[in-house]
file run-v8.txt (compact mmCIF, C-alpha atoms)
# COMPACT_ATOMS: atom_id res chain seq x y z
CA MET A 184 0.00 0.00 0.00
CA THR A 185 1.30 3.46 -0.90
CA SER A 186 2.25 5.66 2.02
CA VAL A 187 -0.11 8.46 3.07
CA GLN A 188 -0.93 10.11 6.38
CA ILE A 189 -4.06 12.07 7.15
CA THR A 190 -4.27 14.21 10.26
CA ILE A 191 -7.14 16.38 11.44
CA GLU A 192 -6.70 19.43 13.68
CA ASP A 193 -9.00 22.07 15.11
CA LEU A 194 -8.29 25.59 13.91
CA SER A 195 -8.99 28.52 16.18
CA GLY A 196 -10.64 31.77 15.15
CA ALA A 197 -13.93 30.42 13.87
CA PRO A 198 -16.94 32.55 14.80
CA GLN A 199 -19.53 31.20 17.21
CA GLY A 200 -21.55 28.39 15.71
CA LYS A 201 -18.81 27.51 13.22
CA VAL A 202 -16.16 24.80 13.46
CA LEU A 203 -13.04 24.93 11.34
CA LYS A 204 -10.96 21.80 10.81
CA LEU A 205 -7.61 21.47 9.10
CA ILE A 206 -7.04 18.23 7.23
CA ARG A 207 -3.41 17.57 6.33
CA ILE A 208 -2.71 14.90 3.73
CA VAL A 209 0.93 13.87 3.35
CA GLY A 210 2.07 11.32 0.76
CA GLN A 211 0.23 9.85 -2.21
CA LEU A 212 -3.48 9.10 -2.54
CA ASP A 213 -3.95 6.31 -5.02
CA GLU A 214 -5.98 3.21 -5.77
CA SER A 215 -4.13 1.20 -3.13
CA ASN A 216 -5.04 3.39 -0.17
CA VAL A 217 -7.73 5.94 -0.95
CA ASP A 218 -10.78 3.89 0.01
CA GLU A 219 -9.34 3.13 3.43
CA GLN A 220 -8.07 6.67 4.05
CA ALA A 221 -11.32 8.29 2.96
CA LYS A 222 -13.12 6.70 5.91
CA THR A 223 -11.29 9.04 8.30
CA ILE A 224 -12.73 12.08 6.59
CA TYR A 225 -16.22 10.61 6.22
CA THR A 226 -16.19 9.92 9.97
CA LEU A 227 -15.50 13.60 10.60
CA ILE A 228 -18.05 14.92 8.10
CA GLU A 229 -20.77 12.53 9.22
CA SER A 230 -20.18 13.10 12.94
CA GLY A 231 -22.91 15.74 13.03
CA ILE A 232 -20.70 18.75 13.82
CA GLN A 233 -22.79 21.88 13.19
CA GLY A 234 -21.24 24.63 11.06
CA LEU A 235 -18.31 22.50 9.90
CA SER A 236 -15.87 23.95 7.36
CA LEU A 237 -12.73 22.24 6.08
CA ILE A 238 -9.32 23.38 4.92
CA PHE A 239 -7.33 20.73 3.09
CA ASP A 240 -3.62 21.37 3.54
CA PHE A 241 -2.00 19.76 0.51
CA THR A 242 1.57 20.93 1.27
CA GLY A 243 2.74 17.34 1.57
CA LEU A 244 0.40 15.74 -0.98
CA GLU A 245 2.51 14.32 -3.79
CA TYR A 246 -0.11 12.58 -5.93
CA MET A 247 -3.86 12.10 -6.16
CA ASN A 248 -5.74 9.93 -8.63
CA SER A 249 -9.18 10.41 -10.13
CA LYS A 250 -10.86 8.37 -7.43
CA SER A 251 -9.43 10.57 -4.69
CA ILE A 252 -10.68 13.59 -6.63
CA GLY A 253 -14.10 11.92 -6.61
CA TYR A 254 -13.93 11.64 -2.84
CA LEU A 255 -12.89 15.28 -2.53
CA THR A 256 -15.90 16.28 -4.63
CA ASP A 257 -18.18 14.21 -2.43
CA TRP A 258 -16.79 15.77 0.77
CA TYR A 259 -17.32 19.21 -0.76
CA SER A 260 -20.94 18.33 -1.60
CA LYS A 261 -21.68 17.04 1.90
CA VAL A 262 -20.09 19.99 3.72
CA SER A 263 -21.66 22.55 1.35
CA THR A 264 -25.09 21.05 1.90
CA THR A 265 -24.83 21.93 5.60
CA GLY A 266 -23.68 25.48 4.85
CA GLY A 267 -19.97 24.89 5.41
CA LYS A 268 -17.03 25.83 3.21
CA VAL A 269 -14.26 23.68 1.76
CA VAL A 270 -10.99 25.12 0.49
CA ILE A 271 -7.57 23.84 -0.51
CA ALA A 272 -4.29 25.29 0.75
CA ALA A 273 -0.72 25.12 -0.49
CA ALA A 274 -1.14 22.47 -3.16
CA ARG A 275 1.83 21.62 -5.37
CA GLU A 276 1.80 22.47 -9.07
CA ASN A 277 1.07 18.91 -10.17
CA ILE A 278 -1.86 18.64 -7.76
CA LEU A 279 -3.33 21.97 -8.88
CA ASP A 280 -2.84 20.88 -12.48
CA ILE A 281 -4.87 17.70 -12.04
CA LEU A 282 -7.58 19.47 -10.02
CA GLN A 283 -7.79 22.06 -12.74
CA VAL A 284 -8.05 19.60 -15.62
CA VAL A 285 -11.01 17.84 -14.00
CA GLY A 286 -12.66 21.18 -13.25
CA LEU A 287 -12.56 20.92 -9.48
CA THR A 288 -10.88 24.29 -8.91
CA GLN A 289 -14.11 25.83 -10.21
CA LEU A 290 -15.88 24.28 -7.24
CA ILE A 291 -13.27 24.30 -4.50
CA PRO A 292 -11.08 27.41 -4.23
CA ALA A 293 -7.35 26.80 -3.91
CA TYR A 294 -5.06 29.21 -2.07
CA ALA A 295 -1.31 29.49 -2.09
CA THR A 296 -0.94 29.48 1.70
CA LEU A 297 -2.73 28.15 4.73
CA GLU A 298 -3.20 31.67 6.08
CA GLU A 299 -4.96 32.81 2.92
CA ALA A 300 -7.15 29.73 2.97
CA LYS A 301 -8.07 30.35 6.58
CA MET A 302 -8.92 33.98 5.90
CA ALA A 303 -11.13 32.95 2.99
CA VAL A 304 -13.07 30.46 5.08
CA LEU A 305 -13.54 32.88 7.97
CA GLN A 306 -14.78 35.75 5.78
CA MET B 93 7.83 9.86 -3.35
CA ASP B 94 7.21 6.25 -2.49
CA SER B 95 10.06 4.09 -3.65
CA THR B 96 8.26 0.87 -4.44
CA PRO B 97 10.62 -1.13 -6.65
CA LEU B 98 9.62 -1.71 -10.22
CA PRO B 99 8.10 -5.10 -10.80
CA THR B 100 9.18 -7.69 -13.27
CA GLN B 101 10.13 -7.79 -16.91
CA LEU B 102 11.54 -4.35 -17.56
CA GLU B 103 12.82 -4.33 -21.07
CA GLN B 104 14.13 -1.61 -23.33
CA THR B 105 14.29 -2.05 -27.05
CA VAL B 106 14.40 -0.02 -30.20
CA VAL B 107 10.89 0.35 -31.54
CA GLN B 108 10.23 -1.50 -34.70
CA ALA B 109 6.70 -2.63 -35.48
CA GLN B 110 4.80 -0.20 -33.28
CA THR B 111 5.94 3.04 -34.87
CA GLU B 112 5.21 4.59 -38.21
CA ILE B 113 8.92 4.32 -39.00
CA SER B 114 10.08 1.10 -40.60
CA PRO B 115 12.94 -0.85 -38.99
CA ALA B 116 15.18 0.06 -41.93
CA GLU B 117 14.43 3.74 -41.47
CA VAL B 118 15.06 3.47 -37.73
CA LYS B 119 18.54 2.10 -38.42
CA ASP B 120 19.34 5.13 -40.56
CA LEU B 121 18.44 7.58 -37.79
CA PRO B 122 21.10 8.99 -35.49
CA LEU B 123 21.14 7.07 -32.22
CA ASP B 124 19.59 9.86 -30.15
CA GLU B 125 16.70 10.28 -32.63
CA ARG B 126 15.63 6.66 -32.64
CA PRO B 127 12.34 5.88 -30.89
CA THR B 128 12.83 4.01 -27.68
CA GLU B 129 10.31 1.56 -26.29
CA ILE B 130 10.17 0.41 -22.71
CA ARG B 131 7.90 -2.50 -21.89
CA ILE B 132 6.77 -3.33 -18.41
CA ALA B 133 4.56 -6.14 -17.14
CA ILE B 134 2.80 -5.19 -13.92
CA PRO B 135 1.03 -7.56 -11.53
CA THR B 136 -2.67 -6.76 -11.26
CA GLN B 137 -2.33 -5.13 -7.86
CA ALA B 138 -2.60 -1.38 -7.31
CA TYR B 139 0.32 -1.63 -4.87
CA PHE B 140 2.82 -1.67 -7.73
CA LEU B 141 1.59 1.50 -9.40
CA SER B 142 3.46 3.97 -7.18
CA GLY B 143 6.73 2.57 -8.54
CA ILE B 144 5.45 2.89 -12.09
CA ARG B 145 4.41 6.49 -11.45
CA ASP B 146 7.90 7.39 -10.22
CA PHE B 147 9.39 5.63 -13.22
CA VAL B 148 7.17 7.53 -15.69
CA VAL B 149 8.10 10.89 -14.17
CA ASN B 150 11.81 10.14 -14.36
CA LEU B 151 11.61 8.70 -17.86
CA THR B 152 9.63 11.66 -19.17
CA LYS B 153 12.00 14.19 -17.64
CA ASN B 154 15.15 12.44 -18.84
CA LEU B 155 14.30 10.83 -22.17
CA THR B 156 11.46 12.53 -23.97
CA GLY B 157 12.05 16.28 -24.18
CA PHE B 158 8.77 16.99 -22.40
CA SER B 159 8.77 19.40 -19.46
CA SER B 160 8.50 18.55 -15.79
CA GLN B 161 4.85 19.58 -15.89
CA TRP B 162 4.16 17.04 -18.61
CA ALA B 163 6.12 14.41 -16.69
CA PHE B 164 3.58 14.68 -13.88
CA ARG B 165 0.72 14.70 -16.37
CA PHE B 166 1.93 11.48 -17.98
CA GLN B 167 2.34 10.04 -14.53
CA ALA B 168 -1.38 10.56 -13.98
CA VAL B 169 -2.32 9.31 -17.47
CA VAL B 170 -0.39 6.07 -17.01
CA ASP B 171 -1.76 5.59 -13.50
CA GLU B 172 -5.36 6.03 -14.67
CA LEU B 173 -4.93 3.65 -17.61
CA CYS B 174 -3.27 1.03 -15.42
CA ASN B 175 -5.93 1.36 -12.74
CA ASN B 176 -8.64 0.78 -15.33
CA ALA B 177 -6.82 -2.23 -16.75
CA ILE B 178 -6.40 -3.73 -13.27
CA GLU B 179 -9.79 -2.84 -11.84
CA HIS B 180 -12.00 -3.52 -14.83
CA GLY B 181 -10.09 -5.54 -17.40
CA SER B 182 -8.09 -8.16 -15.53
CA LYS B 183 -8.49 -10.55 -12.65
CA PRO B 184 -6.09 -10.77 -9.69
CA GLY B 185 -2.89 -12.74 -10.13
CA GLU B 186 -2.30 -11.72 -13.73
CA PHE B 187 -0.16 -9.09 -15.46
CA ILE B 188 -1.09 -6.04 -17.46
CA LYS B 189 1.37 -4.81 -20.08
CA VAL B 190 2.53 -1.22 -20.35
CA SER B 191 4.65 0.15 -23.19
CA LEU B 192 6.15 3.63 -23.25
CA ILE B 193 7.43 4.73 -26.65
CA SER B 194 9.43 7.91 -26.76
CA THR B 195 10.56 9.67 -29.89
CA LYS B 196 12.69 12.34 -28.32
CA ASN B 197 11.44 15.89 -28.83
CA LYS B 198 8.55 14.56 -30.93
CA SER B 199 6.11 12.36 -29.06
CA LEU B 200 5.41 10.00 -26.21
CA GLU B 201 3.08 7.07 -26.69
CA VAL B 202 1.64 4.89 -23.93
CA ILE B 203 0.05 1.52 -24.60
CA VAL B 204 -1.71 -0.46 -21.86
CA GLU B 205 -3.10 -3.95 -22.39
CA ASP B 206 -5.35 -5.80 -19.98
CA THR B 207 -6.06 -9.53 -20.01
CA GLY B 208 -9.80 -9.36 -20.70
CA THR B 209 -10.59 -11.47 -17.64
CA GLY B 210 -12.03 -8.76 -15.40
CA LYS B 211 -15.57 -8.90 -14.06
CA GLU B 212 -16.39 -5.54 -15.65
CA LYS B 213 -14.53 -6.04 -18.92
CA MET B 214 -15.71 -4.18 -22.02
CA ASN B 215 -14.82 -4.37 -25.68
CA ALA B 216 -13.28 -1.51 -27.64
CA GLN B 217 -16.61 -0.37 -29.05
CA GLN B 218 -18.21 -0.26 -25.61
CA LEU B 219 -15.27 1.67 -24.17
CA THR B 220 -15.37 4.18 -27.02
CA ALA B 221 -19.08 4.73 -26.36
CA LEU B 222 -18.44 5.04 -22.61
CA LEU B 223 -15.77 7.66 -23.24
CA GLN B 224 -18.15 9.73 -25.38
CA GLU B 225 -20.87 9.42 -22.75
CA ARG B 226 -18.54 10.59 -20.01
CA LYS B 227 -17.23 13.45 -22.10
CA GLN B 228 -20.82 14.63 -22.47
CA MET B 229 -21.37 14.20 -18.75
CA MET B 230 -18.36 16.41 -17.99
CA THR B 231 -19.44 19.35 -20.15
CA SER B 232 -21.41 20.81 -17.25
CA GLN B 233 -20.35 20.99 -13.60
CA TYR B 234 -19.97 17.38 -12.53
CA LEU B 235 -20.36 16.41 -8.88
CA GLY B 236 -20.33 12.64 -9.34
CA PHE B 237 -17.94 10.33 -7.61
CA ARG B 238 -16.34 8.40 -10.49
CA GLY B 239 -15.68 8.79 -14.19
CA ARG B 240 -13.14 11.62 -14.49
CA GLY B 241 -10.04 9.56 -15.27
CA LEU B 242 -10.60 8.64 -18.89
CA PRO B 243 -12.36 11.72 -20.31
CA LYS B 244 -10.55 14.41 -18.33
CA ILE B 245 -7.12 13.21 -17.25
CA VAL B 246 -6.36 10.84 -20.12
CA GLY B 247 -8.49 12.58 -22.74
CA GLU B 248 -7.42 16.15 -22.03
CA TRP B 249 -3.71 15.40 -21.70
CA THR B 250 -3.25 13.31 -24.84
CA ASP B 251 -3.70 13.99 -28.55
CA GLU B 252 -4.78 10.49 -29.57
CA LEU B 253 -6.80 7.93 -27.63
CA VAL B 254 -7.66 4.62 -29.26
CA PHE B 255 -9.19 1.40 -27.93
CA GLU B 256 -8.48 -1.89 -29.71
CA ASP B 257 -9.71 -5.42 -29.08
CA LEU B 258 -6.89 -7.91 -28.65
CA PRO B 259 -7.23 -11.16 -30.61
CA GLU B 260 -6.61 -13.24 -27.51
CA GLY B 261 -9.13 -11.20 -25.47
CA GLY B 262 -8.64 -8.00 -23.59
CA ILE B 263 -8.26 -4.38 -24.56
CA ARG B 264 -5.33 -2.36 -25.80
CA VAL B 265 -5.53 1.36 -25.03
CA LYS B 266 -3.15 3.55 -27.01
CA VAL B 267 -2.58 7.19 -26.20
CA LYS B 268 -0.13 9.55 -27.78
CA LYS B 269 1.01 13.07 -27.03
CA TYR B 270 2.98 15.16 -29.49
CA LEU B 271 5.54 17.59 -28.16
CA ARG B 272 4.81 21.17 -29.11
CA LYS B 273 7.35 23.55 -27.69
CA GLU B 274 4.92 26.43 -27.22
CA GLU B 275 2.48 24.19 -25.35
CA ASP B 276 5.24 22.59 -23.33
CA LYS B 277 6.12 25.99 -21.89
CA VAL B 278 2.58 26.73 -20.75
CA VAL B 279 2.26 26.98 -16.98
CA SER B 280 -0.72 25.00 -15.79
CA THR B 281 -2.00 27.36 -13.13
CA GLN B 282 -2.53 31.08 -13.35
CA LYS B 283 -1.99 32.76 -10.01
CA ASN B 284 -4.34 35.62 -9.32
CA SER B 285 -2.07 38.47 -8.37
CA THR B 286 -4.41 39.93 -5.77
CA SER B 287 -5.95 37.00 -3.96
CA HIS B 288 -3.61 34.16 -4.86
CA LEU B 289 -6.66 32.16 -5.81
CA TYR B 290 -5.62 29.47 -8.28
CA VAL B 291 -8.83 29.55 -10.26
call {"tool": "encode", "arguments": {"input": "run-v8.txt", "output": "structure tokens"}}
result
Amino acid sequence: MTSVQITIEDLSGAPQGKVLKLIRIVGQLDESNVDEQAKTIYTLIESGIQGLSLIFDFTGLEYMNSKSIGYLTDWYSKVSTTGGKVVIAAARENILDILQVVGLTQLIPAYATLEEAKMAVLQ
Amino acid sequence: MDSTPLPTQLEQTVVQAQTEISPAEVKDLPLDERPTEIRIAIPTQAYFLSGIRDFVVNLTKNLTGFSSQWAFRFQAVVDELCNNAIEHGSKPGEFIKVSLISTKNKSLEVIVEDTGTGKEKMNAQQLTALLQERKQMMTSQYLGFRGRGLPKIVGEWTDELVFEDLPEGGIRVKVKKYLRKEEDKVVSTQKNSTSHLYV
């Protein structure tokens, strides 16, 4: 199985009634690991947290395949349905390139830094 | 990057039958202009694909004349084609075949063959129809879970995409990308100077 680590942290600064989580993905998301790793994020999204928004920190993400893009789209749909925001921070060129070719950057904004992503979510 | 070792049967040969150039013509070319073919047989397990992805990036950067950006694009193209061949076209315990044919500074061709033993196998005609259907599906904003690999990643990043039925069963998918210097220099993402939004 290809190596990937997903960690979830609370981010401070969210207004009352909102919860902001930072999801860091380090390594490669591919066919060998994405189904298993996606469960971690579904557990968070489906835990019933009110006002949940997500920042995906892709600083350490080296590769993602089309299935992992499908998961990302699904997470966006679920969080958006409850009024939350989803943004991407600090993705590498090759990751932005693949997100762009499938049209996902039209749905999920991508920011150069974590700070910019956080500001965008909190606005 | 994960450093999974390459699996079995790595072989490098001068292209003969697969290119438009005849073997006699190939012999007349200077050594560094001859097409080079690399053939790899990969066990039908997704575990091995990280090693193939690393290999494709390095090969593209070092042998083809394509830019680093295109090296990562081909990495994704090969990964998607191999995933399809493993997931849909072949059963566990077999091998899919991957060929990479580089004509330096001209083109890179990728050929992936499955075994035709998968539970969800299709013939070339069905796959061609599926591709058209998915291309249509992707013309508007698409929120579905699956179906982006072939029409968007493979389709958008190659110039030719052909499905062929193999006589012994299975599918051969051939994709080809021609090197155009002006396109090769294009940067994939346009940074917005005020907000740094990559859209």
call {"tool": "closest_atom_pairs", "arguments": {"input": "run-v8.txt", "of": "chain A", "to": "chain B", "cutoff": "10 Å", "atoms": "only C-alpha atoms", "output": "tab-separated table"}}
result
residue	atom	partner	partner_atom	distance
A:Met184	CA	B:Tyr139	CA	5.1
A:Thr185	CA	B:Tyr139	CA	6.5
A:Ser186	CA	B:Asp94	CA	6.7
A:Val187	CA	B:Asp94	CA	9.5
A:Gly210	CA	B:Met93	CA	7.2
A:Gln211	CA	B:Met93	CA	7.7
A:Leu212	CA	B:Ser142	CA	9.8
A:Asp213	CA	B:Ser142	CA	8.1
A:Glu214	CA	B:Ala138	CA	5.9
A:Ser215	CA	B:Ala138	CA	5.1
A:Asn216	CA	B:Tyr139	CA	8.7
A:Leu244	CA	B:Met93	CA	9.8
A:Glu245	CA	B:Met93	CA	7.0
A:Tyr246	CA	B:Ala168	CA	8.4
A:Met247	CA	B:Ala168	CA	8.3
A:Asn248	CA	B:Ala168	CA	6.9
A:Ser249	CA	B:Gly241	CA	5.3
A:Lys250	CA	B:Arg238	CA	6.3
A:Ser251	CA	B:Phe237	CA	9.0
A:Ile252	CA	B:Phe237	CA	8.0
A:Gly253	CA	B:Phe237	CA	4.3
A:Tyr254	CA	B:Phe237	CA	6.4
A:Leu255	CA	B:Phe237	CA	8.7
A:Thr256	CA	B:Leu235	CA	6.2
A:Asp257	CA	B:Phe237	CA	6.5
A:Tyr259	CA	B:Leu235	CA	9.1
A:Ser260	CA	B:Leu235	CA	7.6
A:Ile271	CA	B:Tyr290	CA	9.8
A:Ala272	CA	B:Leu289	CA	9.8
A:Ala274	CA	B:Tyr290	CA	9.8
A:Glu276	CA	B:Thr281	CA	7.4
A:Asn277	CA	B:Phe164	CA	6.2
A:Ile278	CA	B:Phe164	CA	9.1
A:Leu279	CA	B:Thr281	CA	7.0
A:Asp280	CA	B:Ser280	CA	5.7
A:Ile281	CA	B:Ile245	CA	7.2
A:Leu282	CA	B:Ile245	CA	9.6
A:Gln283	CA	B:Thr281	CA	7.9
A:Val284	CA	B:Lys244	CA	6.4
A:Val285	CA	B:Lys244	CA	5.5
A:Gly286	CA	B:Gln233	CA	7.7
A:Leu287	CA	B:Tyr234	CA	8.8
A:Thr288	CA	B:Val291	CA	5.8
A:Gln289	CA	B:Val291	CA	6.5
A:Leu290	CA	B:Gln233	CA	8.4
A:Ile291	CA	B:Val291	CA	9.0
A:Pro292	CA	B:Leu289	CA	6.7
A:Ala293	CA	B:Tyr290	CA	5.4
A:Tyr294	CA	B:Leu289	CA	5.0
A:Ala295	CA	B:His288	CA	5.9
A:Thr296	CA	B:His288	CA	8.5
A:Glu299	CA	B:His288	CA	8.0
A:Ala300	CA	B:Leu289	CA	9.1
A:Ala303	CA	B:Ser287	CA	9.6
call {"tool": "residues_around", "arguments": {"input": "run-v8.txt", "residues": "Arg207 of chain A", "least_positions_apart": "5", "cutoff": "9 Å", "atoms": "all atoms listed in the file", "output": "list in words"}}
result
Gln188, Ile189, Thr190, Ile191, Glu192, Ile238, Phe239, Asp240, Phe241, Thr242, Gly243 and Leu244 of chain A
call {"tool": "write_last_selection", "arguments": {"input": "run-v8.txt", "atoms": "C-alpha atoms", "output": "compact mmCIF listing (two decimals), keeping the file's coordinate frame"}}
result
# COMPACT_ATOMS: atom_id res chain seq x y z
CA GLN A 188 -0.93 10.11 6.38
CA ILE A 189 -4.06 12.07 7.15
CA THR A 190 -4.27 14.21 10.26
CA ILE A 191 -7.14 16.38 11.44
CA GLU A 192 -6.70 19.43 13.68
CA ILE A 238 -9.32 23.38 4.92
CA PHE A 239 -7.33 20.73 3.09
CA ASP A 240 -3.62 21.37 3.54
CA PHE A 241 -2.00 19.76 0.51
CA THR A 242 1.57 20.93 1.27
CA GLY A 243 2.74 17.34 1.57
CA LEU A 244 0.40 15.74 -0.98
call {"tool": "residues_around", "arguments": {"input": "run-v8.txt", "residues": "Tyr270 of chain B", "least_positions_apart": "3", "cutoff": "10 Å", "atoms": "only C-alpha atoms", "output": "list in words"}}
result
Phe158, Thr195, Asn197, Lys198, Ser199, Leu200, Glu201, Thr250, Asp251, Glu252, Lys273, Glu275 and Asp276 of chain B
call {"tool": "atom_distance", "arguments": {"input": "run-v8.txt", "atom1": "atom CA of Leu253 of chain B", "atom2": "atom CA of Lys268 of chain B"}}
result
6.9 Å
call {"tool": "residues_around", "arguments": {"input": "run-v8.txt", "residues": "Leu194 of chain A", "least_positions_apart": "3", "cutoff": "7 Å", "atoms": "only C-alpha atoms", "output": "PyMOL selection string"}}
result
chain A and resi 203-205
call {"tool": "atom_distance", "arguments": {"input": "run-v8.txt", "atom1": "atom CA of Ala116 of chain B", "atom2": "atom CA of Thr156 of chain B"}}
result
22.2 Å
call {"tool": "decode", "arguments": {"input": "run-v8.txt", "residues": "segment 238-291 of chain A", "atoms": "C-alpha atoms", "output": "PDB file, in the first residue's frame"}}
result
ATOM      1  CA  ILE A 238      -9.318  23.380   4.921  1.00  0.00           C
ATOM      2  CA  PHE A 239      -7.330  20.732   3.088  1.00  0.00           C
ATOM      3  CA  ASP A 240      -3.616  21.374   3.537  1.00  0.00           C
ATOM      4  CA  PHE A 241      -1.996  19.764   0.505  1.00  0.00           C
ATOM      5  CA  THR A 242       1.567  20.931   1.265  1.00  0.00           C
ATOM      6  CA  GLY A 243       2.737  17.341   1.565  1.00  0.00           C
ATOM      7  CA  LEU A 244       0.405  15.743  -0.977  1.00  0.00           C
ATOM      8  CA  GLU A 245       2.513  14.316  -3.792  1.00  0.00           C
ATOM      9  CA  TYR A 246      -0.109  12.581  -5.926  1.00  0.00           C
ATOM     10  CA  MET A 247      -3.856  12.097  -6.156  1.00  0.00           C
ATOM     11  CA  ASN A 248      -5.736   9.926  -8.626  1.00  0.00           C
ATOM     12  CA  SER A 249      -9.183  10.411 -10.127  1.00  0.00           C
ATOM     13  CA  LYS A 250     -10.862   8.372  -7.430  1.00  0.00           C
ATOM     14  CA  SER A 251      -9.427  10.574  -4.687  1.00  0.00           C
ATOM     15  CA  ILE A 252     -10.684  13.593  -6.634  1.00  0.00           C
ATOM     16  CA  GLY A 253     -14.099  11.924  -6.609  1.00  0.00           C
ATOM     17  CA  TYR A 254     -13.928  11.638  -2.836  1.00  0.00           C
ATOM     18  CA  LEU A 255     -12.889  15.285  -2.526  1.00  0.00           C
ATOM     19  CA  THR A 256     -15.904  16.280  -4.625  1.00  0.00           C
ATOM     20  CA  ASP A 257     -18.185  14.214  -2.431  1.00  0.00           C
ATOM     21  CA  TRP A 258     -16.790  15.768   0.767  1.00  0.00           C
ATOM     22  CA  TYR A 259     -17.322  19.208  -0.756  1.00  0.00           C
ATOM     23  CA  SER A 260     -20.939  18.331  -1.600  1.00  0.00           C
ATOM     24  CA  LYS A 261     -21.678  17.038   1.898  1.00  0.00           C
ATOM     25  CA  VAL A 262     -20.095  19.994   3.716  1.00  0.00           C
ATOM     26  CA  SER A 263     -21.662  22.551   1.351  1.00  0.00           C
ATOM     27  CA  THR A 264     -25.091  21.046   1.899  1.00  0.00           C
ATOM     28  CA  THR A 265     -24.832  21.932   5.598  1.00  0.00           C
ATOM     29  CA  GLY A 266     -23.682  25.484   4.845  1.00  0.00           C
ATOM     30  CA  GLY A 267     -19.966  24.888   5.406  1.00  0.00           C
ATOM     31  CA  LYS A 268     -17.028  25.826   3.209  1.00  0.00           C
ATOM     32  CA  VAL A 269     -14.261  23.683   1.755  1.00  0.00           C
ATOM     33  CA  VAL A 270     -10.987  25.123   0.491  1.00  0.00           C
ATOM     34  CA  ILE A 271      -7.566  23.838  -0.511  1.00  0.00           C
ATOM     35  CA  ALA A 272      -4.293  25.287   0.755  1.00  0.00           C
ATOM     36  CA  ALA A 273      -0.720  25.116  -0.495  1.00  0.00           C
ATOM     37  CA  ALA A 274      -1.137  22.466  -3.162  1.00  0.00           C
ATOM     38  CA  ARG A 275       1.833  21.624  -5.365  1.00  0.00           C
ATOM     39  CA  GLU A 276       1.805  22.465  -9.069  1.00  0.00           C
ATOM     40  CA  ASN A 277       1.069  18.906 -10.171  1.00  0.00           C
ATOM     41  CA  ILE A 278      -1.860  18.638  -7.762  1.00  0.00           C
ATOM     42  CA  LEU A 279      -3.326  21.967  -8.883  1.00  0.00           C
ATOM     43  CA  ASP A 280      -2.842  20.885 -12.480  1.00  0.00           C
ATOM     44  CA  ILE A 281      -4.866  17.705 -12.040  1.00  0.00           C
ATOM     45  CA  LEU A 282      -7.579  19.471 -10.019  1.00  0.00           C
ATOM     46  CA  GLN A 283      -7.795  22.064 -12.737  1.00  0.00           C
ATOM     47  CA  VAL A 284      -8.050  19.600 -15.622  1.00  0.00           C
ATOM     48  CA  VAL A 285     -11.009  17.837 -14.002  1.00  0.00           C
ATOM     49  CA  GLY A 286     -12.663  21.178 -13.254  1.00  0.00           C
ATOM     50  CA  LEU A 287     -12.556  20.917  -9.476  1.00  0.00           C
ATOM     51  CA  THR A 288     -10.880  24.292  -8.912  1.00  0.00           C
ATOM     52  CA  GLN A 289     -14.110  25.828 -10.214  1.00  0.00           C
ATOM     53  CA  LEU A 290     -15.876  24.280  -7.243  1.00  0.00           C
ATOM     54  CA  ILE A 291     -13.273  24.300  -4.500  1.00  0.00           C
TER      55      ILE A 291
END
